[in-house]
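Below is the file start_32.cif, which contains mmCIF, C-alpha atoms.
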data_model
loop_
_atom_site.group_PDB
_atom_site.id
_atom_site.type_symbol
_atom_site.label_atom_id
_atom_site.label_comp_id
_atom_site.auth_asym_id
_atom_site.auth_seq_id
_atom_site.Cartn_x
_atom_site.Cartn_y
_atom_site.Cartn_z
ATOM 1 C CA MET A 990 0.000 0.000 0.000
ATOM 2 C CA ARG A 991 1.384 3.401 -1.004
ATOM 3 C CA HIS A 992 1.684 5.919 1.811
ATOM 4 C CA ASN A 993 -0.683 8.854 1.436
ATOM 5 C CA GLY A 994 1.320 11.966 2.197
ATOM 6 C CA ASN A 995 -1.891 13.925 2.739
ATOM 7 C CA LYS A 996 -3.027 11.912 5.731
ATOM 8 C CA SER A 997 -3.727 13.880 8.857
ATOM 9 C CA GLN A 998 -1.727 13.218 12.002
ATOM 10 C CA GLY A 999 -4.873 11.826 13.614
ATOM 11 C CA GLN A 1000 -5.418 9.329 10.784
ATOM 12 C CA HIS A 1001 -1.774 8.272 10.893
ATOM 13 C CA ALA A 1002 -2.034 7.691 14.645
ATOM 14 C CA ALA A 1003 -5.181 5.643 14.105
ATOM 15 C CA ASP A 1004 -3.382 3.526 11.494
ATOM 16 C CA MET A 1005 -0.503 2.896 13.906
ATOM 17 C CA SER A 1006 -2.931 1.955 16.663
ATOM 18 C CA LEU A 1007 -4.560 -0.569 14.330
ATOM 19 C CA LEU A 1008 -1.134 -1.962 13.382
ATOM 20 C CA ASN A 1009 -0.248 -2.422 17.038
ATOM 21 C CA ARG A 1010 -3.479 -4.343 17.615
ATOM 22 C CA LEU A 1011 -2.903 -6.542 14.582
ATOM 23 C CA TRP A 1012 0.675 -7.354 15.678
ATOM 24 C CA PRO A 1013 0.478 -7.395 19.481
ATOM 25 C CA TRP A 1014 3.529 -9.624 19.914
ATOM 26 C CA ARG A 1015 6.049 -7.467 18.093
ATOM 27 C CA GLN A 1016 8.843 -5.747 19.988
ATOM 28 C CA GLN A 1017 8.291 -1.988 20.080
ATOM 29 C CA ALA A 1018 11.061 0.473 19.252
ATOM 30 C CA ASN A 1019 13.471 1.476 22.018
ATOM 31 C CA ALA A 1020 16.662 3.497 22.172
ATOM 32 C CA ALA A 1021 18.788 0.389 22.784
ATOM 33 C CA PRO A 1022 18.192 -3.045 21.251
ATOM 34 C CA ILE A 1023 17.840 -6.001 23.585
ATOM 35 C CA ALA A 1024 21.204 -7.744 23.900
ATOM 36 C CA VAL A 1025 21.543 -10.947 25.941
ATOM 37 C CA ASP A 1026 24.043 -13.803 25.952
ATOM 38 C CA PRO A 1027 23.189 -16.541 26.738
ATOM 39 C CA PRO A 1028 19.479 -16.531 25.839
ATOM 40 C CA CYS A 1029 17.031 -16.278 28.746
ATOM 41 C CA PHE A 1030 13.536 -17.686 29.229
ATOM 42 C CA VAL A 1031 11.694 -15.615 31.833
ATOM 43 C CA ILE A 1032 8.383 -16.861 33.267
ATOM 44 C CA GLY A 1033 5.663 -14.581 34.611
ATOM 45 C CA ASP A 1034 3.580 -14.768 37.807
ATOM 46 C CA VAL A 1035 2.543 -18.391 38.420
ATOM 47 C CA HIS A 1036 0.211 -17.931 41.429
ATOM 48 C CA GLY A 1037 -0.289 -21.587 42.219
ATOM 49 C CA ARG A 1038 -0.869 -22.751 38.628
ATOM 50 C CA MET A 1039 1.418 -25.767 38.644
ATOM 51 C CA ASP A 1040 -0.346 -27.117 35.568
ATOM 52 C CA LEU A 1041 0.565 -24.075 33.492
ATOM 53 C CA LEU A 1042 4.123 -23.945 34.819
ATOM 54 C CA ASP A 1043 4.672 -27.549 33.700
ATOM 55 C CA LYS A 1044 3.400 -26.769 30.216
ATOM 56 C CA LEU A 1045 5.472 -23.618 29.851
ATOM 57 C CA LEU A 1046 8.702 -25.270 30.981
ATOM 58 C CA ASP A 1047 8.116 -27.940 28.327
ATOM 59 C CA ARG A 1048 8.360 -25.131 25.756
ATOM 60 C CA ALA A 1049 11.541 -23.578 27.125
ATOM 61 C CA PRO A 1050 14.298 -23.511 24.469
ATOM 62 C CA GLU A 1051 17.224 -25.802 25.155
ATOM 63 C CA GLY A 1052 20.203 -23.950 26.569
ATOM 64 C CA ALA A 1053 18.303 -20.871 27.701
ATOM 65 C CA ALA A 1054 18.749 -19.627 31.270
ATOM 66 C CA LEU A 1055 15.475 -20.134 33.161
ATOM 67 C CA ILE A 1056 14.165 -17.338 35.407
ATOM 68 C CA CYS A 1057 10.869 -16.834 37.270
ATOM 69 C CA VAL A 1058 9.779 -13.323 38.267
ATOM 70 C CA GLY A 1059 8.078 -14.258 41.549
ATOM 71 C CA ASP A 1060 4.524 -14.627 42.912
ATOM 72 C CA TYR A 1061 4.507 -18.417 43.013
ATOM 73 C CA VAL A 1062 1.900 -18.544 45.782
ATOM 74 C CA ASP A 1063 -1.660 -17.346 46.449
ATOM 75 C CA ARG A 1064 -4.899 -17.258 44.460
ATOM 76 C CA GLY A 1065 -4.287 -20.478 42.542
ATOM 77 C CA ASP A 1066 -4.909 -23.827 44.215
ATOM 78 C CA HIS A 1067 -1.454 -25.429 44.093
ATOM 79 C CA SER A 1068 0.956 -23.002 45.741
ATOM 80 C CA ALA A 1069 2.581 -25.732 47.848
ATOM 81 C CA ASP A 1070 3.293 -27.820 44.746
ATOM 82 C CA VAL A 1071 4.790 -24.828 42.930
ATOM 83 C CA LEU A 1072 7.116 -23.904 45.799
ATOM 84 C CA ARG A 1073 8.302 -27.457 46.363
ATOM 85 C CA PHE A 1074 8.847 -27.984 42.643
ATOM 86 C CA LEU A 1075 10.877 -24.791 42.239
ATOM 87 C CA GLN A 1076 12.899 -25.498 45.378
ATOM 88 C CA GLY A 1077 13.938 -28.762 43.743
ATOM 89 C CA ARG A 1078 15.013 -27.051 40.510
ATOM 90 C CA PRO A 1079 18.307 -25.248 41.182
ATOM 91 C CA ASP A 1080 18.642 -24.701 37.427
ATOM 92 C CA ILE A 1081 15.785 -22.146 37.635
ATOM 93 C CA THR A 1082 16.605 -18.708 39.053
ATOM 94 C CA CYS A 1083 13.608 -17.718 41.169
ATOM 95 C CA LEU A 1084 13.065 -14.108 42.231
ATOM 96 C CA MET A 1085 11.129 -12.786 45.207
ATOM 97 C CA GLY A 1086 7.584 -11.544 44.572
ATOM 98 C CA ASN A 1087 5.388 -9.437 46.821
ATOM 99 C CA HIS A 1088 3.174 -12.442 47.596
ATOM 100 C CA GLU A 1089 6.159 -14.397 48.905
ATOM 101 C CA ALA A 1090 7.095 -11.333 50.957
ATOM 102 C CA MET A 1091 3.577 -11.164 52.420
ATOM 103 C CA MET A 1092 3.644 -14.867 53.259
ATOM 104 C CA LEU A 1093 6.966 -14.515 55.082
ATOM 105 C CA LYS A 1094 5.631 -11.500 56.978
ATOM 106 C CA PHE A 1095 2.597 -13.521 58.008
ATOM 107 C CA LEU A 1096 4.807 -16.310 59.328
ATOM 108 C CA ASP A 1097 6.750 -13.830 61.466
ATOM 109 C CA GLU A 1098 3.874 -11.539 62.534
ATOM 110 C CA PRO A 1099 0.514 -13.178 61.803
ATOM 111 C CA THR A 1100 -1.578 -10.631 63.675
ATOM 112 C CA GLY A 1101 -2.118 -7.008 62.727
ATOM 113 C CA LYS A 1102 -1.313 -5.777 59.232
ATOM 114 C CA ALA A 1103 0.364 -9.052 58.217
ATOM 115 C CA SER A 1104 -3.069 -10.702 58.168
ATOM 116 C CA ARG A 1105 -3.893 -8.772 54.975
ATOM 117 C CA TRP A 1106 -2.098 -11.610 53.192
ATOM 118 C CA LEU A 1107 -5.238 -13.697 53.729
ATOM 119 C CA ARG A 1108 -7.258 -11.161 51.724
ATOM 120 C CA HIS A 1109 -4.874 -11.391 48.797
ATOM 121 C CA GLY A 1110 -4.837 -15.132 48.234
ATOM 122 C CA GLY A 1111 -3.205 -16.394 51.408
ATOM 123 C CA LEU A 1112 -6.177 -18.593 52.276
ATOM 124 C CA GLN A 1113 -5.605 -20.607 49.092
ATOM 125 C CA THR A 1114 -1.940 -21.010 49.959
ATOM 126 C CA LEU A 1115 -2.778 -22.182 53.466
ATOM 127 C CA ALA A 1116 -5.231 -24.734 52.031
ATOM 128 C CA SER A 1117 -2.602 -26.020 49.596
ATOM 129 C CA PHE A 1118 -0.408 -26.850 52.631
ATOM 130 C CA GLY A 1119 -3.341 -28.515 54.410
ATOM 131 C CA VAL A 1120 -3.895 -25.615 56.825
ATOM 132 C CA THR A 1121 -7.587 -24.833 57.283
ATOM 133 C CA GLY A 1122 -10.025 -23.156 59.660
ATOM 134 C CA GLY A 1123 -9.135 -19.534 58.987
ATOM 135 C CA VAL A 1124 -10.996 -16.641 57.407
ATOM 136 C CA GLU A 1125 -10.007 -13.084 56.537
ATOM 137 C CA THR A 1126 -11.480 -11.825 59.812
ATOM 138 C CA SER A 1127 -9.990 -14.501 62.090
ATOM 139 C CA ASP A 1128 -9.062 -13.401 65.603
ATOM 140 C CA ASP A 1129 -5.452 -13.136 66.744
ATOM 141 C CA ALA A 1130 -5.390 -16.573 68.354
ATOM 142 C CA THR A 1131 -6.570 -18.210 65.128
ATOM 143 C CA LEU A 1132 -4.099 -16.229 63.038
ATOM 144 C CA GLN A 1133 -1.247 -17.371 65.279
ATOM 145 C CA ARG A 1134 -2.423 -20.983 64.953
ATOM 146 C CA LEU A 1135 -2.546 -20.679 61.150
ATOM 147 C CA ALA A 1136 0.984 -19.291 61.060
ATOM 148 C CA ASP A 1137 2.288 -22.033 63.354
ATOM 149 C CA GLU A 1138 0.655 -24.745 61.251
ATOM 150 C CA LEU A 1139 1.946 -23.233 57.997
ATOM 151 C CA ARG A 1140 5.450 -23.046 59.415
ATOM 152 C CA ALA A 1141 5.271 -26.718 60.375
ATOM 153 C CA ALA A 1142 3.819 -27.740 57.001
ATOM 154 C CA MET A 1143 6.433 -25.841 55.000
ATOM 155 C CA GLY A 1144 9.390 -26.882 57.107
ATOM 156 C CA PRO A 1145 12.527 -24.842 57.797
ATOM 157 C CA GLU A 1146 14.292 -25.663 54.529
ATOM 158 C CA LEU A 1147 11.467 -24.446 52.291
ATOM 159 C CA ILE A 1148 10.945 -21.315 54.400
ATOM 160 C CA ALA A 1149 14.672 -20.542 54.223
ATOM 161 C CA TRP A 1150 14.655 -21.092 50.459
ATOM 162 C CA VAL A 1151 11.820 -18.578 50.026
ATOM 163 C CA ALA A 1152 13.442 -16.059 52.387
ATOM 164 C CA ASP A 1153 16.706 -16.200 50.420
ATOM 165 C CA LEU A 1154 15.174 -15.513 47.003
ATOM 166 C CA PRO A 1155 16.989 -12.673 45.203
ATOM 167 C CA CYS A 1156 15.126 -9.578 44.011
ATOM 168 C CA GLN A 1157 16.780 -9.093 40.624
ATOM 169 C CA PHE A 1158 18.645 -10.865 37.854
ATOM 170 C CA LEU A 1159 20.672 -9.157 35.131
ATOM 171 C CA CYS A 1160 20.550 -10.834 31.727
ATOM 172 C CA GLY A 1161 22.654 -8.801 29.301
ATOM 173 C CA ASN A 1162 21.008 -5.380 29.199
ATOM 174 C CA VAL A 1163 17.744 -6.724 30.626
ATOM 175 C CA LEU A 1164 17.095 -6.347 34.350
ATOM 176 C CA VAL A 1165 14.574 -8.946 35.536
ATOM 177 C CA THR A 1166 12.597 -8.036 38.661
ATOM 178 C CA HIS A 1167 9.184 -8.798 40.051
ATOM 179 C CA ALA A 1168 7.501 -5.390 39.972
ATOM 180 C CA GLY A 1169 9.822 -3.036 38.076
ATOM 181 C CA ALA A 1170 12.525 -0.633 39.204
ATOM 182 C CA ASP A 1171 13.288 2.982 39.997
ATOM 183 C CA PRO A 1172 14.070 4.441 36.543
ATOM 184 C CA ALA A 1173 16.563 6.907 38.056
ATOM 185 C CA LEU A 1174 18.821 4.303 39.688
ATOM 186 C CA ALA A 1175 21.250 1.665 38.454
ATOM 187 C CA PRO A 1176 20.531 -2.007 39.249
ATOM 188 C CA ASP A 1177 22.997 -2.121 42.150
ATOM 189 C CA GLU A 1178 21.364 0.956 43.713
ATOM 190 C CA GLN A 1179 17.796 -0.376 43.724
ATOM 191 C CA ASP A 1180 15.846 -0.836 46.945
ATOM 192 C CA ASP A 1181 14.548 -4.390 47.368
ATOM 193 C CA LYS A 1182 11.127 -3.065 48.380
ATOM 194 C CA VAL A 1183 10.854 -1.214 45.051
ATOM 195 C CA LEU A 1184 11.830 -4.321 43.094
ATOM 196 C CA ILE A 1185 9.166 -6.347 44.911
ATOM 197 C CA TRP A 1186 6.327 -3.777 45.103
ATOM 198 C CA GLY A 1187 7.060 -1.304 42.298
ATOM 199 C CA HIS A 1188 7.889 2.385 41.901
ATOM 200 C CA PRO A 1189 5.486 5.257 41.060
ATOM 201 C CA ASP A 1190 7.693 6.468 38.184
ATOM 202 C CA PHE A 1191 8.372 3.074 36.645
ATOM 203 C CA ALA A 1192 5.558 3.145 34.078
ATOM 204 C CA LYS A 1193 5.876 6.888 33.434
ATOM 205 C CA ARG A 1194 9.561 7.455 32.813
ATOM 206 C CA ARG A 1195 11.782 5.580 30.398
ATOM 207 C CA ARG A 1196 15.324 4.801 31.508
ATOM 208 C CA ASP A 1197 18.146 6.648 29.765
ATOM 209 C CA ASP A 1198 20.871 4.030 30.290
ATOM 210 C CA GLY A 1199 19.871 1.519 27.601
ATOM 211 C CA LEU A 1200 18.626 -0.964 30.191
ATOM 212 C CA TRP A 1201 15.366 -2.848 29.715
ATOM 213 C CA VAL A 1202 13.349 -3.932 32.775
ATOM 214 C CA LEU A 1203 11.395 -7.173 32.490
ATOM 215 C CA HIS A 1204 8.712 -7.605 35.143
ATOM 216 C CA GLY A 1205 5.487 -9.227 36.288
ATOM 217 C CA HIS A 1206 3.259 -7.988 39.139
ATOM 218 C CA THR A 1207 0.946 -5.806 37.018
ATOM 219 C CA ILE A 1208 -1.529 -7.811 34.941
ATOM 220 C CA VAL A 1209 -1.635 -7.001 31.234
ATOM 221 C CA ASN A 1210 -4.020 -8.364 28.630
ATOM 222 C CA MET A 1211 -1.149 -9.131 26.268
ATOM 223 C CA PRO A 1212 2.611 -9.243 26.981
ATOM 224 C CA GLU A 1213 4.474 -6.231 25.636
ATOM 225 C CA ALA A 1214 8.030 -4.974 25.091
ATOM 226 C CA LYS A 1215 7.925 -1.192 24.818
ATOM 227 C CA ASP A 1216 9.780 1.903 26.053
ATOM 228 C CA GLY A 1217 12.407 -0.126 27.902
ATOM 229 C CA ARG A 1218 9.818 -2.206 29.784
ATOM 230 C CA ILE A 1219 8.781 -5.821 29.175
ATOM 231 C CA ALA A 1220 5.534 -6.874 30.910
ATOM 232 C CA ILE A 1221 4.667 -10.575 31.133
ATOM 233 C CA ASP A 1222 2.071 -11.019 33.911
ATOM 234 C CA THR A 1223 -1.032 -12.216 32.063
ATOM 235 C CA GLY A 1224 -2.972 -13.149 35.208
ATOM 236 C CA ALA A 1225 -2.498 -16.923 35.115
ATOM 237 C CA TYR A 1226 -4.684 -17.589 38.152
ATOM 238 C CA ALA A 1227 -7.678 -15.781 36.592
ATOM 239 C CA THR A 1228 -7.152 -16.047 32.824
ATOM 240 C CA GLY A 1229 -5.591 -19.482 32.602
ATOM 241 C CA ARG A 1230 -2.740 -17.954 30.528
ATOM 242 C CA LEU A 1231 0.898 -18.076 31.644
ATOM 243 C CA THR A 1232 3.489 -16.176 29.623
ATOM 244 C CA ALA A 1233 7.263 -16.243 29.251
ATOM 245 C CA ALA A 1234 9.635 -13.872 27.470
ATOM 246 C CA HIS A 1235 12.343 -15.511 25.379
ATOM 247 C CA LEU A 1236 15.308 -13.141 25.211
ATOM 248 C CA THR A 1237 17.994 -13.669 22.564
ATOM 249 C CA ALA A 1238 20.506 -11.578 20.638
ATOM 250 C CA ALA A 1239 17.688 -11.020 18.130
ATOM 251 C CA GLY A 1240 15.376 -9.444 20.726
ATOM 252 C CA CYS A 1241 12.309 -10.559 22.677
ATOM 253 C CA THR A 1242 9.561 -12.968 21.698
ATOM 254 C CA PHE A 1243 6.755 -14.322 23.868
ATOM 255 C CA VAL A 1244 5.687 -17.879 24.576
ATOM 256 C CA GLN A 1245 2.297 -18.509 26.134
ATOM 257 C CA VAL A 1246 0.326 -21.524 27.348
ATOM 258 C CA ASP A 1247 -3.245 -21.740 28.577
ATOM 259 C CA HIS A 1248 -5.484 -24.251 30.297
ATOM 260 C CA THR A 1249 -6.687 -25.678 26.964
ATOM 261 C CA ASP A 1250 -3.211 -26.692 25.754
ATOM 262 C CA ALA A 1251 -2.567 -30.421 25.673
#
Would you write out, as structure tokens, the structure that this file holds?
Amino acid sequence: MRHNGNKSQGQHAADMSLLNRLWPWRQQANAAPIAVDPPCFVIGDVHGRMDLLDKLLDRAPEGAALICVGDYVDRGDHSADVLRFLQGRPDITCLMGNHEAMMLKFLDEPTGKASRWLRHGGLQTLASFGVTGGVETSDDATLQRLADELRAAMGPELIAWVADLPCQFLCGNVLVTHAGADPALAPDEQDDKVLIWGHPDFAKRRRDDGLWVLHGHTIVNMPEAKDGRIAIDTGAYATGRLTAAHLTAAGCTFVQVDHTDA
């Protein structure tokens, strides 16, 4: 199709919007191209969907470094299976997510503000470990019992494994975190809380150092690589779709499985 030089700016913008919808998987332009060596296969928020994690790992390219961005627990029904599986896979680099942080806080201080974990999927995690009898409004004595029973069910080795999860992984010029990063700071200057919970400027301000930030945490309808940010949380627990980003010297492509895949 020949370009019409008389098109208005509004029509041109509309055409570009249509193109973006027709090709939702393409990598958007950025000041610096993605450059990684070796290739990396980065998996989004699992949230207890062991079935989807199994399927996605089956599609991981041979030789690629395997990374998970965090949020293995809560909301889905098989958080215990996911944690135990990942603990037994030292070949997978697992990062800390805010749901793991909330779970650890609940174990240490089950009463007070830590009990908000139950409102954000913690009840499903407790059930996956065989811990029952709690509700979001449980009294302090019940909350302490739930924490004690979860601690016993998880065991010290699994709890220590979760507590020691790193908050970032650098793959070439791609910084992998759970929730994003402060766009004004280098990777080694980032606050762990920001990497786990996010930063108010992350989605507003593009980095000027050529670094891409690959993250989960914020659910998107479709994965996207744009303006130095790569978003891969497609809400597995609710949508039945789990997404990974495959990073190579050629850029970023996305691999996705859903509950209907054989």
As AutoDock Vina command-line options, please: the centre and edge lengths in Å, to one decimal, of an axis-aligned box enclosing every listed atom of range 1019-1036 of chain A with 4 Å added on each side.
--center_x 12.1 --center_y -7.4 --center_z 31.3 --size_x 31.8 --size_y 29.9 --size_z 28.2
Do a neighbour search on range 1081-1089 of chain A at 10 Å with all atoms listed in the file, toss out local chain neighbours closer than 6 positions, and write the hits as a ChimeraX atom specification.
/A:1030-1032,1034,1036,1054-1064,1075,1095,1106,1109-1111,1150-1158,1165-1168,1181-1182,1184-1187,1205-1206
Choose the residue, out of A:Gln1133, A:Gly1240, A:Asp1197, A:Gln1179, that has the smallest atom-to-atom separation from Gly1101 in chain A; count only C-alpha atoms.
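Closest candidate: A:Gln1133.
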Can you work out which one of A:Asp1198, A:Gly1037, A:Ala1175, A:Asp1137 has the shortest atom-to-atom distance to Ala1227 in chain A, counting only C-alpha atoms?
A:Gly1037
To one decimal place, how far is CA of Asp1250 in chain A from CA of Gly1033 in chain A in Å?
17.4 Å
Å distance separating CA of Trp1201 in chain A from CA of Pro1189 in chain A, one decimal place
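Separating CA of Trp1201 in chain A from CA of Pro1189 in chain A is a distance of 17.1 Å.
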Which residue of A:Gln1076, A:Gly1122, A:Pro1050, A:Arg1140 approaches Asp1097 in chain A most closely, using all atoms listed in the file:
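With all atoms listed in the file as the atom set, the closest residue is A:Arg1140.
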Target residues per the PyMOL selection byres ((chain A and resi 1222) around 8), formatted as an MDAnalysis selection string
chainID A and resid 1033:1034 1204:1209 1212 1220:1221 1223:1225 1231:1232
Could you tell me how far CA of Arg1108 in chain A sits from CA of Ser1127 in chain A, in Å to one decimal place?
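These two atoms are separated by 11.2 Å.
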Selection under test: the PyMOL selection byres ((chain A and resi 1038) around 8); residues as a ChimeraX atom specification
/A:1035-1037,1039-1042,1065-1068,1071,1225-1226
Pick from A:Asp1129, A:Leu1107, A:Ala1233, A:His1248: nearest to Leu1045 in chain A, with only C-alpha atoms counted?
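Checking each of A:Asp1129, A:Leu1107, A:Ala1233, A:His1248 against Leu1045 in chain A, counting only C-alpha atoms, the winner is A:Ala1233.
Close contacts of His1188 in chain A, defined as residues with an atom at most 8 Å away when counting all atoms listed in the file, with chain neighbours fewer than 4 positions off set aside, comprise Gly1169, Ala1170, Asp1171, Val1183 and Leu1184 of chain A.
Nearest to Gly1052 in chain A of all the residues A:Asp1026, A:Asp1180, A:Val1244, A:Gly1077 is A:Asp1026, based on all atoms listed in the file.
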Find the residue from A:Thr1228, A:Gly1217, A:Arg1048, A:Arg1134 that sits nearest to Thr1249 in chain A; use only C-alpha atoms when measuring.
A:Thr1228
Applying 7 Å and all atoms listed in the file, which residues near Ala1238 in chain A remain after dropping the ones on its own chain fewer than 6 positions away? List them as a PyMOL selection string.
chain A and resi 1023-1026
Near Pro1172 in chain A, counting all atoms listed in the file, which residues have an atom at most 7 Å away, once you skip same-chain residues fewer than 6 positions from it, shown as a ChimeraX atom specification?
/A:1190-1191,1194-1196
Set the distance at 12 Å and use all atoms listed in the file: which residues neighbour Glu1138 in chain A once local chain neighbours fewer than 4 positions away are removed? I'd like the list as a ChimeraX atom specification.
/A:1095-1096,1099,1115-1116,1118-1123,1131-1134,1142-1144
Report the residues retrieved by the PyMOL selection byres ((chain A and resi 1246) around 6) from the displayed file, expressed as a short mmCIF file (atom, residue, chain, number, x, y, z; two decimals) with C-alpha atoms, keeping the file's coordinate frame.
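Saved as out.cif:
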data_model
loop_
_atom_site.label_atom_id
_atom_site.label_comp_id
_atom_site.auth_asym_id
_atom_site.auth_seq_id
_atom_site.Cartn_x
_atom_site.Cartn_y
_atom_site.Cartn_z
CA ARG A 1230 -2.74 -17.95 30.53
CA LEU A 1231 0.90 -18.08 31.64
CA GLN A 1245 2.30 -18.51 26.13
CA ASP A 1247 -3.24 -21.74 28.58
#
